[in-house]
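Trainee: Data file work_9.cif (mmCIF, C-alpha atoms) is appended below.
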data_run
loop_
_atom_site.label_atom_id
_atom_site.label_comp_id
_atom_site.auth_asym_id
_atom_site.auth_seq_id
_atom_site.Cartn_x
_atom_site.Cartn_y
_atom_site.Cartn_z
CA MET A 1448 66.26 65.87 -276.38
CA LYS A 1449 63.33 66.51 -278.68
CA GLU A 1450 61.32 63.69 -277.12
CA ASN A 1451 62.12 65.02 -273.67
CA ALA A 1452 60.71 68.44 -274.59
CA GLN A 1453 57.58 66.81 -275.92
CA GLU A 1454 57.29 64.71 -272.77
CA LYS A 1455 57.60 67.83 -270.65
CA TYR A 1456 54.97 69.55 -272.76
CA LEU A 1457 52.56 66.63 -272.36
CA LYS A 1458 53.17 66.43 -268.61
CA ARG A 1459 52.49 70.16 -268.28
CA LYS A 1460 49.29 69.76 -270.29
CA ALA A 1461 48.22 66.83 -268.08
CA ARG A 1462 48.87 68.85 -264.92
CA GLN A 1463 46.84 71.74 -266.36
CA ALA A 1464 43.97 69.42 -267.24
CA GLU A 1465 44.09 67.87 -263.77
CA LYS A 1466 44.02 71.32 -262.12
CA ALA A 1467 41.05 72.40 -264.28
CA LEU A 1468 39.24 69.21 -263.36
CA ILE A 1469 39.86 69.75 -259.64
CA LYS A 1470 38.69 73.35 -259.94
CA GLU A 1471 35.57 72.24 -261.79
CA ARG A 1472 34.83 69.59 -259.16
CA GLU A 1473 35.38 72.06 -256.34
CA GLU A 1474 33.03 74.53 -258.02
CA ALA A 1475 30.39 71.80 -258.45
CA GLU A 1476 30.84 70.81 -254.80
CA ARG A 1477 30.58 74.44 -253.72
CA ILE A 1478 27.35 74.87 -255.70
CA ALA A 1479 25.93 71.60 -254.33
CA LEU A 1480 26.85 72.62 -250.78
CA GLN A 1481 25.34 76.09 -251.27
CA LYS A 1482 22.15 74.48 -252.61
CA LYS A 1483 22.00 72.19 -249.60
CA LEU A 1484 22.58 75.12 -247.23
CA ASP A 1485 20.00 77.25 -249.05
CA GLU A 1486 17.44 74.48 -248.77
CA ARG A 1487 18.24 73.98 -245.10
CA PHE A 1488 17.72 77.66 -244.32
CA MET A 1489 14.64 77.85 -246.53
CA ARG A 1490 13.14 75.07 -244.38
CA ARG A 1491 13.72 77.36 -241.38
CA ALA A 1492 11.88 80.14 -243.24
CA ILE A 1493 9.03 77.70 -243.98
CA THR A 1494 8.82 76.94 -240.24
CA GLN A 1495 8.33 80.69 -239.73
CA ALA A 1496 5.66 80.81 -242.45
CA LYS A 1497 3.76 78.05 -240.65
CA LYS A 1498 3.66 80.23 -237.53
CA ALA A 1499 1.81 82.85 -239.61
CA ALA A 1500 -0.70 80.26 -240.87
CA ALA A 1501 -1.27 79.09 -237.29
CA ILE A 1502 -2.60 82.54 -236.36
CA GLY A 1503 -4.66 82.89 -239.54
CA GLU A 1504 -2.18 85.06 -241.44
CA VAL A 1505 -0.97 84.51 -245.01
CA PRO A 1506 1.94 82.06 -244.50
CA ILE A 1507 5.09 83.98 -245.35
CA GLY A 1508 8.29 83.46 -243.39
CA CYS A 1509 11.82 84.77 -243.39
CA VAL A 1510 15.20 84.08 -241.79
CA ILE A 1511 18.45 86.03 -242.01
CA VAL A 1512 21.72 84.11 -241.97
CA HIS A 1513 25.11 85.51 -240.99
CA ASP A 1514 28.33 83.46 -240.68
CA GLY A 1515 26.40 80.25 -241.31
CA ARG A 1516 23.79 80.69 -238.61
CA VAL A 1517 20.30 82.17 -238.35
CA ILE A 1518 20.57 85.50 -236.53
CA ALA A 1519 16.98 86.68 -237.03
CA SER A 1520 13.60 85.47 -238.19
CA GLY A 1521 10.11 86.80 -238.80
CA TYR A 1522 6.70 85.84 -240.10
CA ASN A 1523 3.74 87.73 -241.45
CA ARG A 1524 1.57 89.26 -238.70
CA ARG A 1525 0.05 92.16 -240.65
CA ASN A 1526 -3.55 91.67 -239.55
CA THR A 1527 -2.69 90.52 -236.03
CA ASP A 1528 -0.49 93.54 -235.36
CA HIS A 1529 -2.63 95.92 -237.48
CA SER A 1530 0.62 97.07 -239.05
CA THR A 1531 1.88 97.33 -242.60
CA LEU A 1532 5.35 96.86 -241.16
CA SER A 1533 4.61 93.40 -239.75
CA HIS A 1534 5.68 91.66 -242.95
CA ALA A 1535 8.06 88.73 -242.29
CA GLU A 1536 11.05 90.46 -243.90
CA ILE A 1537 10.70 93.78 -242.04
CA THR A 1538 10.53 91.98 -238.69
CA ALA A 1539 13.58 89.87 -239.51
CA ILE A 1540 15.59 92.85 -240.83
CA LYS A 1541 14.83 94.81 -237.67
CA ARG A 1542 16.00 91.93 -235.47
CA ALA A 1543 19.12 91.24 -237.54
CA ALA A 1544 20.16 94.91 -237.28
CA ARG A 1545 19.73 94.67 -233.52
CA VAL A 1546 21.91 91.53 -233.36
CA LEU A 1547 24.66 93.00 -235.56
CA GLY A 1548 24.40 96.51 -234.07
CA ASP A 1549 24.45 97.93 -237.58
CA TRP A 1550 21.79 99.03 -240.06
CA ARG A 1551 23.92 97.46 -242.81
CA LEU A 1552 23.26 93.74 -243.13
CA GLU A 1553 26.56 93.10 -244.87
CA ASP A 1554 27.63 89.44 -245.27
CA CYS A 1555 24.03 88.37 -244.65
CA THR A 1556 21.72 86.19 -246.74
CA ILE A 1557 17.96 86.70 -246.41
CA TYR A 1558 15.69 83.68 -247.01
CA ILE A 1559 12.08 84.45 -247.92
CA THR A 1560 9.34 81.90 -248.67
CA LEU A 1561 7.62 84.34 -251.07
CA GLU A 1562 9.02 86.94 -253.45
CA PRO A 1563 8.99 90.27 -251.56
CA CYS A 1564 6.63 93.22 -252.09
CA GLN A 1565 7.93 96.71 -253.00
CA MET A 1566 8.39 97.72 -249.34
CA CYS A 1567 10.32 94.59 -248.32
CA ALA A 1568 12.41 94.50 -251.50
CA GLY A 1569 13.20 98.17 -250.83
CA ALA A 1570 14.16 97.41 -247.22
CA ILE A 1571 16.51 94.62 -248.36
CA VAL A 1572 18.21 97.04 -250.79
CA GLN A 1573 18.35 99.78 -248.12
CA ALA A 1574 19.93 97.31 -245.67
CA ARG A 1575 22.62 96.58 -248.30
CA CYS A 1576 21.90 92.87 -247.93
CA PRO A 1577 24.18 91.19 -250.50
CA ARG A 1578 22.15 88.03 -251.18
CA ALA A 1579 18.49 86.96 -251.19
CA VAL A 1580 17.09 83.45 -251.56
CA ILE A 1581 13.44 83.26 -252.60
CA GLY A 1582 11.08 80.29 -252.40
CA ALA A 1583 7.91 80.88 -254.43
CA MET A 1584 7.57 83.72 -256.91
CA ASN A 1585 4.61 86.14 -256.71
CA PRO A 1586 3.65 86.92 -260.32
CA LYS A 1587 1.00 89.54 -259.43
CA ALA A 1588 2.86 91.61 -256.83
CA GLY A 1589 6.45 90.42 -256.43
CA CYS A 1590 9.15 93.06 -256.79
CA ALA A 1591 12.22 90.85 -257.16
CA GLY A 1592 11.70 89.71 -260.73
CA SER A 1593 7.93 89.47 -261.30
CA ILE A 1594 6.35 92.89 -261.81
CA ILE A 1595 9.67 94.69 -261.35
CA ASP A 1596 13.10 93.62 -260.09
CA MET A 1597 14.22 96.00 -257.37
CA PHE A 1598 17.24 93.77 -256.69
CA SER A 1599 18.91 94.55 -259.99
CA MET A 1600 17.91 98.13 -260.79
CA LYS A 1601 20.83 100.12 -262.12
CA GLU A 1602 19.18 103.26 -260.66
CA PHE A 1603 19.84 102.03 -257.09
CA ASN A 1604 23.23 102.19 -255.36
CA HIS A 1605 23.06 98.53 -254.30
CA ARG A 1606 22.18 95.30 -256.05
CA VAL A 1607 21.18 92.01 -254.44
CA GLN A 1608 22.39 88.69 -255.80
CA THR A 1609 19.24 86.58 -256.01
CA GLU A 1610 18.42 82.86 -256.01
CA ARG A 1611 14.85 82.03 -256.99
CA GLY A 1612 12.69 78.94 -256.62
CA VAL A 1613 14.52 77.29 -253.68
CA LEU A 1614 11.97 74.80 -252.28
CA GLY A 1615 9.55 76.87 -254.37
CA GLU A 1616 7.02 74.04 -254.63
CA GLN A 1617 6.79 73.64 -250.85
CA CYS A 1618 6.47 77.40 -250.31
CA SER A 1619 3.73 77.64 -252.96
CA GLU A 1620 1.90 74.63 -251.58
CA LEU A 1621 1.75 76.26 -248.13
CA LEU A 1622 0.11 79.37 -249.60
CA LYS A 1623 -2.24 77.37 -251.81
CA LYS A 1624 -3.40 75.26 -248.88
CA PHE A 1625 -3.92 78.37 -246.73
CA PHE A 1626 -6.12 80.09 -249.32
CA GLU A 1627 -8.08 76.89 -249.99
CA GLU A 1628 -8.83 76.55 -246.28
CA LEU A 1629 -9.71 80.25 -246.10
CA ARG A 1630 -12.17 79.88 -248.98
CA ALA A 1631 -13.64 76.72 -247.43
CA GLY A 1632 -14.01 78.59 -244.12
CA LYS A 1633 -15.70 81.49 -245.84
CA ALA A 1634 -18.02 79.14 -247.72
CA GLN A 1635 -19.25 77.78 -244.40
CA VAL A 1636 -20.12 81.25 -243.10
CA MET B 674 -42.82 137.67 -276.59
CA LYS B 675 -39.64 137.37 -278.61
CA GLU B 676 -37.87 139.93 -276.46
CA ASN B 677 -39.04 138.13 -273.37
CA ALA B 678 -37.56 134.86 -274.62
CA GLN B 679 -34.26 136.60 -275.32
CA GLU B 680 -34.36 138.19 -271.89
CA LYS B 681 -34.93 134.80 -270.30
CA TYR B 682 -32.09 133.37 -272.33
CA LEU B 683 -29.76 136.15 -271.24
CA LYS B 684 -30.78 135.79 -267.61
CA ARG B 685 -30.16 132.06 -267.77
CA LYS B 686 -26.78 132.65 -269.31
CA ALA B 687 -25.96 135.21 -266.62
CA ARG B 688 -26.97 132.74 -263.89
CA GLN B 689 -24.81 130.05 -265.49
CA ALA B 690 -21.86 132.43 -265.71
CA GLU B 691 -22.34 133.43 -262.08
CA LYS B 692 -22.50 129.78 -260.99
CA ALA B 693 -19.33 128.96 -262.95
CA LEU B 694 -17.60 131.93 -261.36
CA ILE B 695 -18.65 130.83 -257.86
CA LYS B 696 -17.46 127.29 -258.58
CA GLU B 697 -14.17 128.61 -259.90
CA ARG B 698 -13.73 130.82 -256.84
CA GLU B 699 -14.59 127.94 -254.50
CA GLU B 700 -12.08 125.72 -256.27
CA ALA B 701 -9.42 128.44 -256.02
CA GLU B 702 -10.26 128.87 -252.33
CA ARG B 703 -10.10 125.10 -251.81
CA ILE B 704 -6.70 124.95 -253.50
CA ALA B 705 -5.42 127.94 -251.50
CA LEU B 706 -6.70 126.37 -248.26
CA GLN B 707 -5.16 123.00 -249.14
CA LYS B 708 -1.86 124.76 -249.88
CA LYS B 709 -2.03 126.57 -246.54
CA LEU B 710 -2.84 123.31 -244.73
CA ASP B 711 -0.07 121.45 -246.59
CA GLU B 712 2.44 124.12 -245.63
CA ARG B 713 1.27 124.06 -242.02
CA PHE B 714 1.72 120.29 -241.77
CA MET B 715 5.02 120.43 -243.67
CA ARG B 716 6.27 122.82 -240.98
CA ARG B 717 5.41 120.11 -238.45
CA ALA B 718 7.45 117.63 -240.52
CA ILE B 719 10.34 120.13 -240.59
CA THR B 720 10.18 120.31 -236.78
CA GLN B 721 10.63 116.53 -236.80
CA ALA B 722 13.57 116.81 -239.23
CA LYS B 723 15.26 119.24 -236.83
CA LYS B 724 15.07 116.60 -234.10
CA ALA B 725 17.14 114.34 -236.37
CA ALA B 726 19.74 117.07 -236.96
CA ALA B 727 19.94 117.65 -233.20
CA ILE B 728 21.21 114.08 -232.69
CA GLY B 729 23.58 114.22 -235.66
CA GLU B 730 21.32 112.38 -238.11
CA VAL B 731 20.46 113.50 -241.65
CA PRO B 732 17.49 115.86 -241.07
CA ILE B 733 14.46 114.11 -242.51
CA GLY B 734 11.08 114.34 -240.83
CA CYS B 735 7.57 113.07 -241.39
CA VAL B 736 4.04 113.53 -240.03
CA ILE B 737 0.85 111.67 -240.89
CA VAL B 738 -2.43 113.59 -240.87
CA HIS B 739 -5.89 112.08 -240.46
CA ASP B 740 -9.12 114.08 -240.15
CA GLY B 741 -7.20 117.33 -240.08
CA ARG B 742 -4.85 116.46 -237.24
CA VAL B 743 -1.39 114.92 -236.87
CA ILE B 744 -1.81 111.35 -235.61
CA ALA B 745 1.82 110.23 -235.94
CA SER B 746 5.28 111.58 -236.56
CA GLY B 747 8.83 110.34 -237.01
CA TYR B 748 12.35 111.47 -237.81
CA ASN B 749 15.45 109.80 -239.13
CA ARG B 750 17.35 107.83 -236.45
CA ARG B 751 19.09 105.27 -238.66
CA ASN B 752 22.57 105.55 -237.14
CA THR B 753 21.35 106.16 -233.59
CA ASP B 754 19.11 103.07 -233.63
CA HIS B 755 21.48 101.04 -235.86
CA SER B 756 18.40 100.17 -237.92
CA THR B 757 17.50 100.48 -241.58
CA LEU B 758 13.90 100.75 -240.43
CA SER B 759 14.46 103.93 -238.43
CA HIS B 760 13.70 106.16 -241.41
CA ALA B 761 11.25 108.96 -240.55
CA GLU B 762 8.44 107.54 -242.70
CA ILE B 763 8.63 103.97 -241.34
CA THR B 764 8.46 105.22 -237.75
CA ALA B 765 5.47 107.46 -238.54
CA ILE B 766 3.64 104.73 -240.49
CA LYS B 767 4.10 102.30 -237.61
CA ARG B 768 2.69 104.81 -235.12
CA ALA B 769 -0.21 105.84 -237.35
CA ALA B 770 -1.25 102.19 -237.78
CA ARG B 771 -1.18 101.83 -233.99
CA VAL B 772 -3.40 104.92 -233.56
CA LEU B 773 -5.90 103.83 -236.24
CA GLY B 774 -5.76 100.14 -235.30
CA ASP B 775 -5.46 99.26 -238.97
CA TRP B 776 -2.56 98.55 -241.31
CA ARG B 777 -4.41 100.54 -243.99
CA LEU B 778 -3.76 104.26 -243.66
CA GLU B 779 -6.87 105.20 -245.60
CA ASP B 780 -7.92 108.88 -245.53
CA CYS B 781 -4.41 109.81 -244.40
CA THR B 782 -1.92 112.26 -245.88
CA ILE B 783 1.78 111.69 -245.27
CA TYR B 784 4.06 114.74 -245.16
CA ILE B 785 7.75 114.11 -245.81
CA THR B 786 10.53 116.71 -245.88
CA LEU B 787 12.52 114.66 -248.45
CA GLU B 788 11.38 112.47 -251.33
CA PRO B 789 11.25 108.88 -249.98
CA CYS B 790 13.67 106.03 -250.73
CA GLN B 791 12.52 102.75 -252.29
CA MET B 792 11.69 101.18 -248.90
CA CYS B 793 9.65 104.12 -247.61
CA ALA B 794 7.88 104.72 -250.92
CA GLY B 795 7.06 101.00 -250.92
CA ALA B 796 5.73 101.20 -247.35
CA ILE B 797 3.48 104.14 -248.28
CA VAL B 798 2.06 102.15 -251.20
CA GLN B 799 1.66 99.04 -249.02
CA ALA B 800 -0.17 101.10 -246.38
CA ARG B 801 -2.58 102.26 -249.13
CA CYS B 802 -1.94 105.85 -248.12
CA PRO B 803 -3.96 107.94 -250.62
CA ARG B 804 -1.90 111.15 -250.59
CA ALA B 805 1.73 112.17 -250.05
CA VAL B 806 3.14 115.69 -249.74
CA ILE B 807 6.86 116.01 -250.37
CA GLY B 808 9.17 118.89 -249.46
CA ALA B 809 12.53 118.61 -251.23
CA MET B 810 13.14 116.17 -254.07
CA ASN B 811 16.09 113.74 -253.97
CA PRO B 812 17.42 113.52 -257.55
CA LYS B 813 19.99 110.78 -256.79
CA ALA B 814 17.90 108.34 -254.76
CA GLY B 815 14.27 109.48 -254.55
CA CYS B 816 11.64 106.94 -255.58
CA ALA B 817 8.61 109.20 -255.92
CA GLY B 818 9.48 110.89 -259.18
CA SER B 819 13.28 111.18 -259.33
CA ILE B 820 14.95 107.88 -260.21
CA ILE B 821 11.60 106.06 -260.37
CA ASP B 822 8.06 106.94 -259.30
CA MET B 823 6.69 104.17 -257.11
CA PHE B 824 3.59 106.28 -256.40
CA SER B 825 2.27 106.06 -259.94
CA MET B 826 3.40 102.64 -261.17
CA LYS B 827 0.65 100.90 -263.09
CA GLU B 828 2.15 97.57 -261.96
CA PHE B 829 1.12 98.21 -258.33
CA ASN B 830 -2.42 97.82 -257.00
CA HIS B 831 -2.40 101.27 -255.37
CA ARG B 832 -1.37 104.72 -256.51
CA VAL B 833 -0.58 107.71 -254.31
CA GLN B 834 -1.67 111.21 -255.27
CA THR B 835 1.47 113.30 -254.82
CA GLU B 836 2.26 116.96 -254.15
CA ARG B 837 5.90 117.93 -254.64
CA GLY B 838 7.98 120.91 -253.57
CA VAL B 839 5.86 122.08 -250.62
CA LEU B 840 8.24 124.31 -248.59
CA GLY B 841 10.87 122.57 -250.72
CA GLU B 842 13.38 125.39 -250.30
CA GLN B 843 13.23 125.19 -246.49
CA CYS B 844 13.52 121.39 -246.51
CA SER B 845 16.52 121.54 -248.88
CA GLU B 846 18.17 124.28 -246.86
CA LEU B 847 17.98 122.14 -243.73
CA LEU B 848 19.80 119.29 -245.48
CA LYS B 849 22.34 121.59 -247.11
CA LYS B 850 23.19 123.21 -243.77
CA PHE B 851 23.51 119.80 -242.10
CA PHE B 852 25.97 118.50 -244.69
CA GLU B 853 27.96 121.75 -244.67
CA GLU B 854 28.35 121.52 -240.89
CA LEU B 855 29.24 117.84 -241.20
CA ARG B 856 31.98 118.63 -243.71
CA ALA B 857 33.26 121.53 -241.58
CA GLY B 858 33.34 119.19 -238.56
CA LYS B 859 35.21 116.55 -240.52
CA ALA B 860 37.68 119.15 -241.79
CA GLN B 861 38.60 120.04 -238.20
CA VAL B 862 39.42 116.43 -237.32
#
Starting from the file, lay out its structure as structure tokens.

Mentor:
Amino acid sequence: MKENAQEKYLKRKARQAEKALIKEREEAERIALQKKLDERFMRRAITQAKKAAAIGEVPIGCVIVHDGRVIASGYNRRNTDHSTLSHAEITAIKRAARVLGDWRLEDCTIYITLEPCQMCAGAIVQARCPRAVIGAMNPKAGCAGSIIDMFSMKEFNHRVQTERGVLGEQCSELLKKFFEELRAGKAQV
Amino acid sequence: MKENAQEKYLKRKARQAEKALIKEREEAERIALQKKLDERFMRRAITQAKKAAAIGEVPIGCVIVHDGRVIASGYNRRNTDHSTLSHAEITAIKRAARVLGDWRLEDCTIYITLEPCQMCAGAIVQARCPRAVIGAMNPKAGCAGSIIDMFSMKEFNHRVQTERGVLGEQCSELLKKFFEELRAGKAQV
């Protein structure tokens, strides 16, 4: 009888250990899948950023994802449109709201190749967007962790879960190349 | 000779005093005129806010003044347009940029009936708007002095000279009345 009780105890322990292992594996798979998805959508944002570069604008791109698909995108057109509001994020947020028929971008993830400025970070908070994925950080002007973090301010009524540095190298490289070419162009003038 | 020197000294002093007085008066006149102008343009912003109330939106209005005349206006249409970007300030900034053909709203003053949120305050900074005149403050969510002051942050590359409380009572009253009517309407349901 005593051995039986011990056997039972060991079996229960084994089952518990197995369950914990499965849970751990599932969590690791979930994280790996999320990373893969984030990188996939960041590539879509990079495609948008390249559209900006093609018209001589600072290459910054953005896509908004809802239910696993891109519902809106935007790229920087500030000089082309002569408008402060033509930042990639503002354009994408406007389009996403139109698609969803709601000013609240609930259940959406916003992918941005560069850490947002104060206006765009503010718009993401105002839109109640629950999650943001950022490519390159912007140490001099970024407002999602660099000079301030508007996504985690306790003073605001909404906080944005944030992933930073997704394909960050590629996003940075795009900007670096753009400014190098700009300087080279200017040097020729 | 000695008396003459003293006379000269006294005359000079009198002239200096007179000049200082004139300067002081001019400054007082300038301030009084600016106050009058600010109130006049704030009334225009209040007219915009009333347009919002008329369509059942929180009454917030905005005008942008350049060279002494209103070049753009906007009012809150967030629920009507299903768009986060339909705040009064964003609409007005977009229109002003179109009028000036520049994303920089230099030499402009923005008049807002309510202290701006983080997105709108950010947009005003991004647009390099040099001056903002605010009606009522928004202690729970305002980002131009209440929960933070985005107009005077040393971390940003632009600061906005700010006037607060211009026709503040009237602007507040408009909001108070709107919410009272909203509650009364809800109570009837």

Trainee: Determine the nearest neighbour of chain B from the options A:Val1572, A:Cys1509, A:Leu1480, A:Ala1535, counting all atoms listed in the file.

Mentor: A:Val1572

Trainee: Which one of A:Thr1560, A:Glu1553, A:Arg1542, A:Lys1482 sits closest to Asn1523 of chain A if you count only C-alpha atoms?

Mentor: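 Between A:Thr1560, A:Glu1553, A:Arg1542, A:Lys1482, the residue approaching Asn1523 of chain A most closely is A:Thr1560.
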
Trainee: One decimal, in Å: what's the spacing between atom CA of Asn830 of chain B and atom CA of Leu1532 of chain A?

Mentor: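 One can read the atom CA of Asn830 of chain B to atom CA of Leu1532 of chain A distance as 17.7 Å.
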
Trainee: Which neighbours of segment 1489-1503 of chain A fall inside 9 Å, counting all atoms listed in the file, when residues of the same chain fewer than 6 positions from it are skipped, and could you give them as a list in words?

Mentor: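 Answer for this query is Cys1509, Val1510, Ile1511, Val1517, Ser1520, Gly1521, Tyr1522, Asn1523, Arg1524, Asn1526, Thr1527, Ala1535, Tyr1558, Ile1559, Thr1560, Val1580, Ile1581, Gly1582, Val1613, Leu1614, Gln1617, Cys1618, Leu1621, Leu1622, Phe1625 and Leu1629 of chain A.
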
Trainee: Would you write out, as a tab-separated table, a table of all residues in chain A that have an atom no more than 6 Å from an atom of chain B, listing for each the closest atom pair and the distance in Å to one decimal, considering all atoms listed in the file and ordering rows by chain and rising residue number?

Mentor:
residue	atom	partner	partner_atom	distance
A:His1529	CA	B:Asp775	CA	4.6
A:Ser1530	CA	B:Trp776	CA	4.2
A:Thr1531	CA	B:Trp776	CA	4.8
A:Ala1544	CA	B:Ser756	CA	5.6
A:Gly1548	CA	B:His755	CA	5.7
A:Asp1549	CA	B:His755	CA	4.6
A:Trp1550	CA	B:Ser756	CA	4.2
A:Gln1565	CA	B:Gly795	CA	4.8
A:Met1566	CA	B:Gly795	CA	3.9
A:Gly1569	CA	B:Met792	CA	3.9
A:Ala1570	CA	B:Met792	CA	4.8
A:Ala1574	CA	B:Thr757	CA	5.7

Trainee: Please identify all polymer residues within 7 Å of Gln834 of chain B, counting all atoms listed in the file, omitting same-chain residues fewer than 6 positions from it, and present them as a list in words.

Mentor: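 Non-adjacent residues within range: Pro803, Arg804 and Ala805 of chain B.
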
Trainee: For atom CA of Leu1561 of chain A and atom CA of Ala1583 of chain A, quote the distance in Å rounded to one decimal.

Mentor: 4.8 Å

Trainee: Could you please determine the separation between atom CA of Ser845 of chain B and atom CA of Ser825 of chain B in Å, to one decimal place?

Mentor: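 The value is 23.8 Å.
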
Trainee: Output segment 1564-1575 of chain A as an mmCIF file, in the coordinates of the input, making sure N, CA and C atoms are there.

Mentor:
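Saved as out_6.cif:
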data_model
loop_
_atom_site.group_PDB
_atom_site.id
_atom_site.type_symbol
_atom_site.label_atom_id
_atom_site.label_comp_id
_atom_site.auth_asym_id
_atom_site.auth_seq_id
_atom_site.Cartn_x
_atom_site.Cartn_y
_atom_site.Cartn_z
ATOM 1 N N CYS A 1564 7.392 92.085 -251.558
ATOM 2 C CA CYS A 1564 6.630 93.220 -252.090
ATOM 3 C C CYS A 1564 7.588 94.413 -252.270
ATOM 4 N N GLN A 1565 7.079 95.535 -252.741
ATOM 5 C CA GLN A 1565 7.930 96.710 -253.000
ATOM 6 C C GLN A 1565 8.570 97.250 -251.725
ATOM 7 N N MET A 1566 7.836 97.212 -250.601
ATOM 8 C CA MET A 1566 8.390 97.720 -249.340
ATOM 9 C C MET A 1566 9.542 96.833 -248.858
ATOM 10 N N CYS A 1567 9.303 95.515 -248.847
ATOM 11 C CA CYS A 1567 10.320 94.590 -248.320
ATOM 12 C C CYS A 1567 11.532 94.511 -249.248
ATOM 13 N N ALA A 1568 11.287 94.493 -250.559
ATOM 14 C CA ALA A 1568 12.410 94.500 -251.500
ATOM 15 C C ALA A 1568 13.222 95.779 -251.286
ATOM 16 N N GLY A 1569 12.533 96.901 -251.094
ATOM 17 C CA GLY A 1569 13.200 98.170 -250.830
ATOM 18 C C GLY A 1569 14.014 98.130 -249.550
ATOM 19 N N ALA A 1570 13.458 97.503 -248.510
ATOM 20 C CA ALA A 1570 14.160 97.410 -247.220
ATOM 21 C C ALA A 1570 15.425 96.560 -247.360
ATOM 22 N N ILE A 1571 15.353 95.502 -248.152
ATOM 23 C CA ILE A 1571 16.510 94.620 -248.360
ATOM 24 C C ILE A 1571 17.631 95.379 -249.089
ATOM 25 N N VAL A 1572 17.237 96.206 -250.072
ATOM 26 C CA VAL A 1572 18.210 97.040 -250.790
ATOM 27 C C VAL A 1572 18.791 98.091 -249.841
ATOM 28 N N GLN A 1573 17.916 98.737 -249.072
ATOM 29 C CA GLN A 1573 18.350 99.780 -248.120
ATOM 30 C C GLN A 1573 19.306 99.201 -247.073
ATOM 31 N N ALA A 1574 19.086 97.946 -246.687
ATOM 32 C CA ALA A 1574 19.930 97.310 -245.670
ATOM 33 C C ALA A 1574 21.246 96.812 -246.265
ATOM 34 N N ARG A 1575 21.408 97.030 -247.587
ATOM 35 C CA ARG A 1575 22.620 96.580 -248.300
ATOM 36 C C ARG A 1575 22.858 95.085 -248.146
#
